[in-house]
Every structure is written in structure tokens, then in C-alpha cells.
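Source file: work_39.cif (mmCIF, C-alpha atoms)
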```cif
data_run
#
loop_
_atom_site.label_atom_id
_atom_site.label_comp_id
_atom_site.auth_asym_id
_atom_site.auth_seq_id
_atom_site.Cartn_x
_atom_site.Cartn_y
_atom_site.Cartn_z
CA MET Y 26 47.04 -66.90 56.92
CA ALA Y 27 45.40 -63.56 56.17
CA LYS Y 28 41.67 -63.77 55.50
CA GLU Y 29 39.11 -61.33 54.14
CA THR Y 30 35.62 -61.29 52.73
CA ALA Y 31 33.98 -59.55 49.77
CA ASP Y 32 30.82 -59.66 47.74
CA VAL Y 33 32.75 -60.77 44.66
CA VAL Y 34 36.28 -61.95 43.95
CA VAL Y 35 37.50 -61.55 40.37
CA ILE Y 36 40.39 -63.73 39.15
CA GLY Y 37 42.36 -62.00 36.41
CA GLY Y 38 43.20 -58.37 35.66
CA GLY Y 39 42.83 -58.25 31.89
CA PRO Y 40 40.10 -56.15 30.23
CA ALA Y 41 37.31 -58.55 31.22
CA GLY Y 42 38.33 -58.80 34.87
CA SER Y 43 39.04 -55.12 35.31
CA VAL Y 44 35.81 -53.98 33.65
CA CYS Y 45 33.77 -56.47 35.67
CA ALA Y 46 35.39 -55.26 38.90
CA TYR Y 47 34.89 -51.64 37.82
CA MET Y 48 31.18 -52.17 37.18
CA LEU Y 49 30.60 -54.07 40.42
CA ALA Y 50 32.44 -51.43 42.46
CA LYS Y 51 30.36 -48.69 40.84
CA GLN Y 52 27.26 -50.57 41.98
CA GLY Y 53 28.57 -50.29 45.54
CA HIS Y 54 29.69 -53.90 45.99
CA SER Y 55 32.92 -54.93 47.69
CA VAL Y 56 35.23 -56.44 45.09
CA VAL Y 57 38.69 -58.00 45.24
CA LEU Y 58 40.53 -58.40 41.93
CA LEU Y 59 43.44 -60.87 41.91
CA GLU Y 60 45.99 -60.57 39.09
CA LYS Y 61 48.89 -63.01 38.97
CA GLU Y 62 51.36 -60.72 37.17
CA LEU Y 63 53.05 -57.85 38.96
CA ASN Y 64 52.86 -55.76 35.81
CA SER Y 65 50.45 -55.86 32.88
CA ARG Y 66 52.04 -57.80 30.05
CA PHE Y 67 51.99 -57.94 26.27
CA HIS Y 68 48.97 -59.69 24.81
CA ILE Y 69 47.53 -60.29 21.37
CA GLY Y 70 44.30 -58.39 20.74
CA GLU Y 71 45.70 -54.93 20.05
CA SER Y 72 42.99 -53.68 17.69
CA LEU Y 73 39.68 -52.51 19.16
CA LEU Y 74 36.33 -52.43 17.36
CA PRO Y 75 34.05 -49.38 17.08
CA TYR Y 76 31.35 -51.12 19.13
CA MET Y 77 33.87 -50.94 22.00
CA MET Y 78 33.49 -47.17 21.95
CA GLY Y 79 29.74 -47.47 22.39
CA LEU Y 80 30.24 -49.92 25.26
CA PHE Y 81 32.85 -47.71 26.93
CA GLU Y 82 30.58 -44.70 26.57
CA ARG Y 83 27.71 -46.56 28.20
CA ILE Y 84 29.80 -47.54 31.24
CA GLY Y 85 31.59 -44.21 31.57
CA LEU Y 86 35.06 -45.01 30.23
CA ARG Y 87 35.09 -43.69 26.66
CA GLU Y 88 36.63 -40.31 27.48
CA THR Y 89 39.31 -41.98 29.60
CA VAL Y 90 40.23 -44.34 26.76
CA ALA Y 91 40.17 -41.55 24.16
CA ALA Y 92 42.54 -39.46 26.29
CA GLN Y 93 45.31 -42.08 26.20
CA GLY Y 94 46.70 -41.01 22.83
CA TYR Y 95 46.13 -44.32 21.07
CA VAL Y 96 46.26 -44.60 17.28
CA PRO Y 97 42.73 -43.89 15.93
CA LYS Y 98 41.18 -46.56 13.71
CA PHE Y 99 38.45 -45.69 11.20
CA GLY Y 100 38.27 -48.95 9.29
CA GLY Y 101 39.86 -52.26 8.42
CA GLU Y 102 41.46 -53.30 5.15
CA PHE Y 103 41.00 -56.89 4.01
CA ILE Y 104 43.50 -57.91 1.35
CA ASP Y 105 42.78 -61.04 -0.66
CA PRO Y 106 45.00 -61.70 -3.67
CA THR Y 107 43.22 -65.05 -4.07
CA GLU Y 108 39.76 -63.38 -4.08
CA LYS Y 109 38.46 -66.43 -2.20
CA LYS Y 110 37.77 -64.90 1.20
CA PHE Y 111 36.32 -61.49 0.37
CA PHE Y 112 34.51 -59.66 -2.40
CA GLU Y 113 37.51 -58.28 -4.26
CA GLY Y 114 41.28 -58.01 -4.05
CA VAL Y 115 41.09 -55.24 -1.44
CA PHE Y 116 37.96 -54.57 0.63
CA ARG Y 117 37.83 -51.77 3.20
CA ALA Y 118 35.30 -51.90 6.02
CA ASP Y 119 34.65 -48.17 6.43
CA PHE Y 120 33.17 -47.58 9.89
CA THR Y 121 31.37 -44.44 8.72
CA LYS Y 122 29.02 -46.78 6.82
CA GLN Y 123 27.48 -48.30 9.96
CA GLY Y 124 24.62 -45.80 9.95
CA ALA Y 125 23.58 -43.08 12.36
CA GLY Y 126 24.04 -43.31 16.11
CA ARG Y 127 27.18 -45.47 16.13
CA HIS Y 128 30.79 -44.48 16.73
CA ASP Y 129 32.75 -44.41 13.49
CA ASN Y 130 36.13 -45.04 15.05
CA ALA Y 131 38.04 -47.15 17.54
CA PHE Y 132 41.69 -47.40 18.59
CA GLN Y 133 44.76 -49.58 18.15
CA VAL Y 134 46.25 -50.10 21.62
CA GLU Y 135 49.38 -51.30 23.36
CA ARG Y 136 47.81 -53.98 25.52
CA ALA Y 137 50.10 -53.71 28.55
CA ARG Y 138 49.29 -50.01 28.91
CA PHE Y 139 45.63 -50.48 27.99
CA ASP Y 140 45.12 -53.30 30.49
CA ARG Y 141 46.84 -51.37 33.26
CA MET Y 142 44.63 -48.35 32.62
CA LEU Y 143 41.48 -50.46 33.00
CA ALA Y 144 42.76 -51.98 36.25
CA GLU Y 145 43.44 -48.48 37.56
CA GLN Y 146 39.88 -47.47 36.67
CA ALA Y 147 38.56 -50.46 38.63
CA GLU Y 148 40.66 -49.41 41.61
CA ALA Y 149 39.50 -45.79 41.35
CA ALA Y 150 35.89 -47.04 41.34
CA GLY Y 151 36.50 -48.77 44.68
CA ALA Y 152 37.67 -52.28 43.83
CA ARG Y 153 40.61 -53.73 45.78
CA VAL Y 154 43.11 -54.56 43.01
CA LEU Y 155 46.01 -56.84 43.92
CA PHE Y 156 48.84 -57.45 41.43
CA GLY Y 157 51.21 -60.35 42.05
CA ALA Y 158 48.35 -62.40 43.55
CA ASP Y 159 48.69 -65.99 42.29
CA VAL Y 160 45.51 -67.99 42.89
CA GLY Y 161 46.36 -71.50 43.97
CA GLU Y 162 43.04 -72.92 45.12
CA LEU Y 163 39.36 -72.31 44.48
CA LEU Y 164 37.48 -72.63 47.76
CA MET Y 165 34.44 -74.90 47.82
CA GLU Y 166 31.69 -75.67 50.30
CA GLY Y 167 29.92 -78.68 48.91
CA ASP Y 168 29.28 -77.93 45.24
CA ARG Y 169 29.32 -74.15 45.74
CA MET Y 170 32.37 -71.97 45.13
CA VAL Y 171 32.95 -69.56 47.99
CA GLY Y 172 36.26 -67.83 47.29
CA ALA Y 173 39.93 -68.29 46.45
CA ARG Y 174 43.26 -68.82 48.17
CA TYR Y 175 46.28 -67.05 46.72
CA GLN Y 176 49.96 -66.34 47.26
CA ARG Y 177 51.27 -62.78 47.38
CA ASP Y 178 54.63 -61.49 48.61
CA GLY Y 179 55.49 -64.96 49.88
CA GLU Y 180 52.39 -65.17 52.06
CA THR Y 181 49.15 -67.14 51.79
CA HIS Y 182 45.90 -65.20 51.71
CA GLU Y 183 42.27 -66.21 51.51
CA VAL Y 184 39.30 -64.22 50.29
CA ARG Y 185 35.78 -65.54 50.69
CA ALA Y 186 32.99 -64.13 48.58
CA ALA Y 187 29.39 -64.65 47.60
CA TYR Y 188 30.53 -65.05 43.99
CA VAL Y 189 33.71 -65.78 42.06
CA VAL Y 190 34.23 -64.33 38.57
CA ASP Y 191 36.75 -66.23 36.47
CA ALA Y 192 38.46 -63.70 34.19
CA SER Y 193 41.71 -65.66 34.07
CA GLY Y 194 41.76 -65.85 30.27
CA ARG Y 195 43.62 -68.74 28.71
CA SER Y 196 44.60 -69.97 32.18
CA GLY Y 197 40.96 -70.98 32.62
CA ARG Y 198 41.06 -71.55 36.37
CA ILE Y 199 37.50 -72.82 36.69
CA ALA Y 200 37.40 -74.59 33.32
CA ASN Y 201 40.54 -76.53 34.23
CA ARG Y 202 39.34 -77.19 37.76
CA PHE Y 203 36.20 -78.92 36.44
CA GLY Y 204 37.54 -80.20 33.10
CA LEU Y 205 35.15 -78.07 31.04
CA ARG Y 206 37.32 -76.75 28.21
CA LYS Y 207 36.90 -78.07 24.66
CA THR Y 208 39.20 -77.34 21.74
CA LEU Y 209 37.75 -75.85 18.57
CA GLU Y 210 39.43 -78.42 16.35
CA LYS Y 211 38.72 -76.63 13.10
CA LEU Y 212 40.41 -73.48 14.43
CA ARG Y 213 43.52 -74.99 16.00
CA MET Y 214 45.80 -72.26 14.74
CA VAL Y 215 49.27 -70.92 15.52
CA ALA Y 216 50.17 -67.22 15.56
CA VAL Y 217 53.73 -65.94 15.02
CA PHE Y 218 54.20 -62.21 15.53
CA ARG Y 219 56.48 -59.30 16.42
CA HIS Y 220 56.56 -55.50 16.57
CA TYR Y 221 58.46 -53.20 14.20
CA SER Y 222 59.68 -49.66 14.87
CA GLY Y 223 60.41 -46.87 12.42
CA LEU Y 224 56.94 -46.96 10.83
CA ASP Y 225 56.34 -44.32 8.17
CA GLU Y 226 52.69 -44.35 7.07
CA SER Y 227 53.54 -42.61 3.81
CA HIS Y 228 54.37 -46.14 2.60
CA ASN Y 229 50.88 -47.38 3.48
CA LEU Y 230 48.89 -48.00 0.30
CA GLY Y 231 45.67 -47.95 2.31
CA VAL Y 232 44.29 -45.62 5.00
CA GLU Y 233 46.45 -44.50 7.91
CA GLY Y 234 45.44 -46.11 11.19
CA ASP Y 235 43.59 -49.06 9.63
CA ILE Y 236 44.30 -52.61 10.62
CA GLN Y 237 45.27 -54.72 7.59
CA VAL Y 238 44.33 -58.39 7.21
CA GLY Y 239 46.02 -60.17 4.31
CA ALA Y 240 44.75 -63.56 3.14
CA HIS Y 241 46.79 -66.30 1.50
CA ASP Y 242 46.35 -70.02 0.89
CA ASP Y 243 47.92 -71.06 4.23
CA GLY Y 244 46.35 -68.52 6.58
CA TRP Y 245 46.42 -64.76 7.02
CA VAL Y 246 48.67 -61.88 8.11
CA TRP Y 247 47.81 -58.89 10.32
CA ALA Y 248 49.34 -55.42 10.49
CA ILE Y 249 48.24 -53.15 13.35
CA PRO Y 250 49.78 -49.69 13.93
CA LEU Y 251 50.26 -49.24 17.69
CA THR Y 252 51.93 -45.83 17.87
CA LYS Y 253 53.06 -43.19 15.41
CA ASP Y 254 56.15 -45.28 14.59
CA THR Y 255 55.40 -48.83 15.85
CA ILE Y 256 53.41 -51.58 14.14
CA SER Y 257 52.43 -55.14 15.16
CA VAL Y 258 52.68 -57.79 12.44
CA GLY Y 259 51.68 -61.42 12.78
CA THR Y 260 50.86 -64.48 10.71
CA VAL Y 261 48.17 -67.02 11.65
CA MET Y 262 48.19 -70.53 10.24
CA PRO Y 263 47.06 -74.12 10.97
CA ARG Y 264 49.52 -75.99 13.19
CA ASP Y 265 50.49 -78.36 10.37
CA VAL Y 266 51.70 -75.45 8.24
CA LEU Y 267 54.31 -74.53 10.85
CA ARG Y 268 55.68 -78.05 11.12
CA GLY Y 269 58.85 -78.71 9.17
CA SER Y 270 60.11 -75.13 9.30
CA THR Y 271 61.15 -72.52 11.84
CA ALA Y 272 58.78 -69.82 13.05
CA ASN Y 273 61.01 -67.20 11.44
CA GLU Y 274 60.97 -68.95 8.06
CA ARG Y 275 57.17 -69.21 8.04
CA PHE Y 276 56.77 -65.62 9.25
CA GLU Y 277 58.96 -64.19 6.51
CA GLU Y 278 57.42 -66.41 3.83
CA HIS Y 279 53.84 -65.52 4.73
CA LEU Y 280 54.59 -61.82 5.09
CA ALA Y 281 56.07 -61.80 1.58
CA ARG Y 282 52.74 -63.08 0.21
CA VAL Y 283 50.98 -59.80 1.12
CA PRO Y 284 52.79 -57.01 -0.78
CA ARG Y 285 50.58 -54.23 0.60
CA ILE Y 286 51.74 -55.04 4.13
CA VAL Y 287 55.35 -55.41 2.97
CA SER Y 288 55.09 -51.92 1.47
CA ARG Y 289 53.78 -50.52 4.74
CA LEU Y 290 56.85 -51.93 6.54
CA THR Y 291 59.31 -50.09 4.28
CA GLY Y 292 62.11 -48.69 6.44
CA THR Y 293 61.01 -50.46 9.64
CA ARG Y 294 63.08 -52.80 11.81
CA PRO Y 295 62.06 -55.51 14.30
CA SER Y 296 61.81 -54.17 17.85
CA MET Y 297 61.08 -57.48 19.59
CA ASP Y 298 61.84 -61.17 19.15
CA LEU Y 299 59.27 -63.34 17.43
CA LYS Y 300 56.54 -64.64 19.75
CA VAL Y 301 54.45 -67.75 19.17
CA GLU Y 302 50.92 -68.50 20.45
CA THR Y 303 49.58 -71.99 19.83
CA ASP Y 304 46.25 -73.84 20.05
CA TYR Y 305 44.38 -70.85 21.34
CA CYS Y 306 40.84 -71.58 20.08
CA TYR Y 307 38.53 -73.23 22.62
CA HIS Y 308 35.18 -72.97 24.38
CA THR Y 309 33.21 -74.34 27.29
CA ASP Y 310 29.55 -75.27 27.24
CA THR Y 311 29.20 -74.55 30.96
CA VAL Y 312 30.12 -70.96 31.85
CA THR Y 313 28.23 -70.62 35.15
CA GLY Y 314 27.81 -72.70 38.28
CA PRO Y 315 26.88 -72.39 41.94
CA GLY Y 316 28.71 -69.29 43.19
CA TRP Y 317 30.68 -68.64 39.99
CA LEU Y 318 30.65 -67.51 36.38
CA MET Y 319 33.19 -67.03 33.59
CA VAL Y 320 33.78 -63.90 31.55
CA GLY Y 321 35.77 -63.37 28.37
CA ASP Y 322 38.59 -65.70 27.38
CA ALA Y 323 38.12 -67.88 30.46
CA GLY Y 324 35.05 -69.37 28.75
CA CYS Y 325 35.79 -69.02 25.04
CA PHE Y 326 38.49 -67.76 22.71
CA GLY Y 327 38.38 -67.54 18.93
CA ASP Y 328 40.91 -66.70 16.29
CA PRO Y 329 41.93 -63.00 16.42
CA MET Y 330 40.51 -62.53 12.93
CA PHE Y 331 38.21 -59.46 12.89
CA SER Y 332 39.64 -58.28 16.25
CA GLY Y 333 36.54 -59.13 18.26
CA GLY Y 334 38.20 -60.71 21.29
CA VAL Y 335 38.42 -57.66 23.55
CA LEU Y 336 34.85 -56.63 22.70
CA VAL Y 337 33.20 -59.96 23.50
CA ALA Y 338 35.34 -60.28 26.64
CA THR Y 339 34.43 -56.81 27.88
CA ALA Y 340 30.77 -57.06 26.89
CA THR Y 341 30.38 -60.33 28.83
CA ALA Y 342 32.16 -58.71 31.79
CA VAL Y 343 29.64 -55.86 31.82
CA ARG Y 344 26.75 -58.31 31.55
CA ALA Y 345 28.25 -60.46 34.33
CA ALA Y 346 28.46 -57.45 36.65
CA GLU Y 347 24.86 -56.55 35.88
CA THR Y 348 23.81 -60.16 36.48
CA LEU Y 349 25.61 -60.40 39.82
CA GLY Y 350 24.14 -57.06 40.87
CA GLU Y 351 20.66 -58.53 40.30
CA VAL Y 352 21.50 -61.76 42.12
CA LEU Y 353 23.12 -60.05 45.11
CA ALA Y 354 19.96 -57.96 45.46
CA ASP Y 355 17.70 -61.01 45.08
CA PRO Y 356 19.43 -64.36 45.77
CA SER Y 357 16.26 -66.25 44.80
CA ALA Y 358 16.83 -65.12 41.20
CA GLU Y 359 20.24 -66.80 40.92
CA ASP Y 360 19.31 -69.77 38.72
CA ARG Y 361 17.23 -67.71 36.30
CA GLN Y 362 19.75 -64.87 36.02
CA MET Y 363 22.73 -67.20 35.64
CA GLU Y 364 21.04 -69.15 32.85
CA ARG Y 365 20.22 -65.93 31.03
CA TYR Y 366 23.81 -64.74 31.41
CA SER Y 367 25.12 -68.06 30.06
CA ASN Y 368 22.93 -67.76 26.97
CA TYR Y 369 23.96 -64.14 26.47
CA PHE Y 370 27.64 -65.12 26.69
CA LYS Y 371 27.15 -67.86 24.09
CA THR Y 372 25.11 -65.65 21.74
CA GLY Y 373 27.96 -63.15 21.37
CA TYR Y 374 30.78 -65.66 21.07
CA ASP Y 375 28.77 -67.90 18.76
CA THR Y 376 28.16 -65.02 16.32
CA TYR Y 377 31.78 -63.87 16.40
CA ILE Y 378 33.16 -67.37 15.78
CA ARG Y 379 30.70 -67.91 12.92
CA LEU Y 380 32.20 -64.82 11.26
CA ILE Y 381 35.63 -66.41 11.60
CA HIS Y 382 34.40 -69.69 10.10
CA ALA Y 383 32.81 -67.80 7.21
CA TYR Y 384 36.15 -66.18 6.43
CA TYR Y 385 38.22 -69.36 6.60
CA ASP Y 386 35.68 -71.34 4.59
CA GLY Y 387 35.57 -68.68 1.87
CA GLU Y 388 31.84 -68.31 2.49
CA LEU Y 389 31.55 -64.59 3.20
CA VAL Y 390 30.70 -63.80 -0.41
CA ALA Y 391 28.02 -66.51 -0.66
CA MET Y 392 26.69 -65.71 2.79
CA ALA Y 393 26.32 -62.01 1.98
CA ALA Y 394 24.64 -62.92 -1.33
CA ASP Y 395 22.11 -65.03 0.57
CA ALA Y 396 21.52 -62.19 3.01
CA ALA Y 397 21.05 -59.77 0.10
CA ARG Y 398 17.90 -61.65 -0.91
CA SER Y 399 16.20 -60.33 2.26
CA THR Y 400 17.37 -56.72 2.11
CA ASP Y 401 18.66 -54.07 -0.29
CA ARG Y 402 22.33 -53.73 -1.26
CA GLU Y 403 22.96 -50.50 0.66
CA THR Y 404 21.50 -51.94 3.85
CA LEU Y 405 23.47 -55.15 3.32
CA GLU Y 406 26.78 -53.26 3.26
CA LYS Y 407 25.76 -51.43 6.41
CA TYR Y 408 24.98 -54.71 8.18
CA LEU Y 409 28.27 -56.24 7.05
CA VAL Y 410 30.33 -53.27 8.29
CA ARG Y 411 28.40 -53.31 11.56
CA LEU Y 412 29.12 -57.01 11.98
CA ILE Y 413 32.82 -56.50 11.31
CA GLY Y 414 32.65 -53.61 13.80
CA GLY Y 415 31.23 -55.77 16.61
CA ASP Y 416 27.48 -56.18 16.06
CA PHE Y 417 27.44 -59.67 17.57
CA TRP Y 418 24.24 -59.51 19.64
CA SER Y 419 21.85 -58.02 17.08
CA GLU Y 420 18.69 -59.92 16.20
CA HIS Y 421 18.16 -57.69 13.15
CA ASN Y 422 21.47 -57.90 11.30
CA SER Y 423 20.66 -59.89 8.14
CA VAL Y 424 24.27 -61.02 7.60
CA ALA Y 425 24.46 -62.34 11.18
CA GLN Y 426 21.09 -64.04 10.72
CA GLU Y 427 22.38 -65.84 7.64
CA MET Y 428 25.49 -67.03 9.51
CA ARG Y 429 23.36 -68.40 12.34
CA ARG Y 430 21.60 -70.70 9.88
CA ARG Y 431 24.80 -72.60 9.15
CA LYS Y 432 24.75 -75.65 11.41
CA GLU Y 433 28.29 -76.58 10.42
CA TRP Y 434 29.50 -73.48 12.27
CA ASP Y 435 27.87 -74.34 15.61
CA THR Y 436 30.30 -73.92 18.51
CA PHE Y 437 28.23 -74.59 21.62
CA GLU Y 438 25.70 -77.26 22.39
CA PRO Y 439 22.15 -76.02 21.62
CA PHE Y 440 21.20 -72.95 23.66
CA GLN Y 441 18.58 -70.20 23.66
CA ARG Y 442 19.99 -67.04 22.10
CA VAL Y 443 19.67 -63.82 24.10
CA TYR Y 444 19.81 -60.70 21.96
CA GLY Y 445 20.33 -57.07 22.94
CA CYS Y 446 23.27 -54.91 21.89
CA PRO Y 447 25.63 -54.17 24.81
CA SER Y 448 26.96 -51.06 23.07
CA TYR Y 449 23.80 -49.40 21.74
CA PRO Y 450 20.79 -50.86 23.58
CA HIS Y 451 18.81 -47.70 22.86
CA LEU Y 452 19.01 -48.45 19.11
CA ASP Y 453 17.35 -51.89 19.24
CA ASP Y 454 13.89 -50.53 18.32
CA ILE Y 455 15.37 -48.40 15.54
CA ASP Y 456 17.21 -51.44 14.14
CA ARG Y 457 13.97 -53.43 14.16
CA LYS Y 458 12.16 -50.68 12.26
CA GLU Y 459 15.08 -50.27 9.83
CA ARG Y 460 15.05 -53.96 8.92
CA SER Y 461 11.28 -53.94 8.45
CA GLU Y 462 11.49 -50.95 6.10
CA ALA Y 463 14.26 -52.65 4.11
CA ARG Y 464 12.01 -55.68 3.58
CA VAL Y 465 9.21 -53.42 2.36
CA ARG Y 466 11.55 -51.74 -0.14
CA ARG Y 467 12.70 -55.14 -1.40
CA VAL Y 468 9.14 -56.40 -1.90
CA THR Y 469 8.11 -53.15 -3.58
CA ALA Y 470 11.03 -53.47 -5.97
CA GLY Y 471 9.92 -57.01 -6.82
CA ARG Y 472 13.00 -58.76 -5.36
#
```
Written as C-alpha cells, that's how I'd like the structure from this file.
Amino acid sequence: MAKETADVVVIGGGPAGSVCAYMLAKQGHSVVLLEKELNSRFHIGESLLPYMMGLFERIGLRETVAAQGYVPKFGGEFIDPTEKKFFEGVFRADFTKQGAGRHDNAFQVERARFDRMLAEQAEAAGARVLFGADVGELLMEGDRMVGARYQRDGETHEVRAAYVVDASGRSGRIANRFGLRKTLEKLRMVAVFRHYSGLDESHNLGVEGDIQVGAHDDGWVWAIPLTKDTISVGTVMPRDVLRGSTANERFEEHLARVPRIVSRLTGTRPSMDLKVETDYCYHTDTVTGPGWLMVGDAGCFGDPMFSGGVLVATATAVRAAETLGEVLADPSAEDRQMERYSNYFKTGYDTYIRLIHAYYDGELVAMAADAARSTDRETLEKYLVRLIGGDFWSEHNSVAQEMRRRKEWDTFEPFQRVYGCPSYPHLDDIDRKERSEARVRRVTAGR
């Protein structure tokens, strides 16, 4: 059996794993990334948020991502014929309204190509990236994790490391090993989706490049342009809604409920069979342990509503790499640093999932109205667009603050929130001043 050692072994080559390996390698650490698949595969989560651009810029990847030729995205259109979920029949989150200092665009991506690009960047930074490496056993010494054993090319290999990063996504290697995963019962949804070719954006009644989210009484429908002539369309619904019918019947029925998306599909044709993802909302209350930590979907996954999955996964990967860099330099700081990382992980995911709950419960309008009492209308819209764009770690976003007051939307057991924007840390002081000035204007106006 072949054996090797490294500072860190990362399990999983999706965005979280690759970015974590990239960051650790740039710090000068030896890193082995183990990815089960030989080739990057299709994955839901094709629409990036503008806060991703700030994060990529901070870690040195924005220009690489921008050079890939992805479809640019300058906003998101939320369609609500019922007028129960949003403010009006059609609401557009225009990313230019976030305020100064923030990127006003993102990209729609083909995940297989996007994921492969990030893995290649990790390799170029110095990480040892192994595709087709199927982890079969997590190595333990007492209660401490010390590496992983995997199969590759018909042979057994073993890598021992000071730390193991679980970026295995829904596979949840560590969560399953220790029985840590909990289902988010309220969000036990099913997604049915496919791609269409022959897209002609002249049929789009909204803005070219935008993601569309269409609400209806049994769930919601997405439309995400992936290339000049390809679009991803999916419907998300509670499991019970799918029962008693075929996936194709439900897909066609739900799509027909959102005429603006139907119009956008004029002249297109399916380019792949329908795919189904089930029961994909879960979390764990324990995301670190002796010798290990989780990043991204390995520790929590919410509904793809608002497209925040890749951002929270990548942001936690960056924070994990920074945390491990501190701990490798000073092992005595492990407990303190790991606890802080755990709270940071939960802060971001907790905020994102609250936004999802607010949408499903039809509470966004009331929530924003409550937030409006502590700020002016213009600032409120800015905070809402920022939140939709990925502002999940801000202490000063009044809409996020209002959501955090709702105990019925708690995901994790009680924890200490750790704030600090991963995309624009240099703007934290400006955000604090901006919110203070908004309060002064409100008081002066007698509101």
C-alpha cells in the first residue's frame, strides 16, 4: 500500500475543496486533494452571486473566472403571480443598487467546467490533486483524525495529515462517519430539472443574463442561461407534491405556471434528460473536531433559492484555509480557532437559510417592512439587494438583522455569531458608518 504525508488532506474537488486546497497551497502548506470522480460532473448551483466576485478578487481568482467566457449576470428576476412571496408581480434585484465598492455582476456557469477550472487552479498553486481517488476510510488515532485511505487505479493508498478537510458535499464523509447530519424537515424539497438548447434571448421579457425565479402555490421554477444558446430550467417542490405523478408531468405543469419563463424558452428544445435531486436540505451542529473540519455542503445545504450555495461553500473554504494556517503555525490555538471557525460557518449558513425561509413563508414583505422602521427606504432596498447578492456575514444589514430575530427560522443549536464579510472585509467600517447615518436620517425625519 502506497503511503504519503501532507499538512492537510482535502476530501472532495468541488468549489469548496478546490478553493480550500488552493488557499492552503498558496500559504506554502503541502496539500493532497482527493476527488472521487475522474471528471468534474454536472451539479446544481449554476448561478453565482456578485459577492463571489469580491471573494474571488480577494483570493486572486477573479480575472481567471472572468476570462472563461461565462454568461454575465447583472441581476435576478423574481416572478410572483400570486404576489405572496415578493413585493409585486415582478421584482428585479439590480446588482448596481448595492452601493459603492461592490461588484455589480456575477456569472452563470456550467458547473463541470467551472469546478474543473478551480481544481486546476489548486494544482497550479501547488496542491496535489488526484481525480478518481475514492476515499474508503477515515484514519483515526484515538479520537483524532489523522488522514484517509483511498482507492485509485485499482490500488490502495494512504495519506496521513495534520488535518482533514471534509469538502465531500452531499456525501458527507465525516458527518456520516459520526452520525452528525440532521434533515431540515421544513425544507425537504425535490428538484426536477433539465437543460434546453436553442435559446434566443429576444424572447426574454426581462433582462438578458438574469436568473429568473418564478413562484407558484406548490413551489418555484428557475431559469438560468448557461451559454449564449443554452439555459437550465428546474422546478423545486415539497416531496408530497411530486407523489402521485411523474417527474415529467410535474415539471411541465409547474413550468406552465410561469409564463415569463415559458416565453423565454420559445424555440428551445431539451438537450438532456430530466434529472431529479431529492431531500437535499440538511445541516450539522458539529462542523469541527480533533484533526478535522467541514466546509461547504459537507456541513450544511439549503434550498438553491437565491443561488447562495456556491458562495457560502467557497467562503467557508477560504475561512477554513485561513484557520488551518493559524493552527499549523500555532498548534496551541487549535481549540480557540476551530470554535471561531465553527461559529463563522454557522453565521453564514444560518443567514442564507433564513432568507430561504422568509421566501417560502411569504414573509419577505413583512420582514422588509419591519426593517424599514430602522432605516430609510433607499437604504433598505440597498440592503435587500446586497442580501440577495450574498451579504450573509454582515452585522449591519438591517434586513438580515430582522431575519435573525425570527426564532422559528433557527437552523443550528444556539451559537455565537461571528461577523465579517469574506468578500469585502475592507468595507466593514464603512458599512457601520452608513447604518449609523441612516438611523440619524430616520430620527431627523421623525420616523
**Asked** Can you find the residues with an atom no farther than 10 Å from (19.0, -65.8, 20.7), counting only C-alpha atoms, and report them as a ChimeraX atom specification?
**Response** /Y:368-369,371-373,418-420,429,440-445
**Request:** Would you translate the PyMOL selection byres ((chain Y and resi 169-176) around 6) into the concrete set of residues it matches in this file, as a PyMOL selection string?
**Result:** chain Y and resi 158-168+177+180-186+315-316
**Request:** Identify all residues satisfying the PyMOL selection byres ((chain Y and resi 68-72) around 6) in the given file; provide them as a PyMOL selection string.
**Result:** chain Y and resi 67+73+133-134+136+332
**Interatomic distance, atom CA of Val320 of chain Y to atom CA of Val190 of chain Y (Å, one decimal)** = 7.0 Å
Could you build a table of the residues in segment 227-248 of chain Y lying no more than 8 Å from segment 258-270 of chain Y, giving for each the nearest pair of atoms and their separation in Å rounded to one decimal place, using only C-alpha atoms, ordered by chain and ascending residue number, as CSV?
```
residue,atom,partner,partner_atom,distance
Y:Asp243,CA,Y:Met262,CA,6.0
Y:Gly244,CA,Y:Met262,CA,4.6
Y:Trp245,CA,Y:Val261,CA,5.4
Y:Val246,CA,Y:Thr260,CA,4.3
Y:Trp247,CA,Y:Gly259,CA,5.2
Y:Ala248,CA,Y:Val258,CA,4.5
```
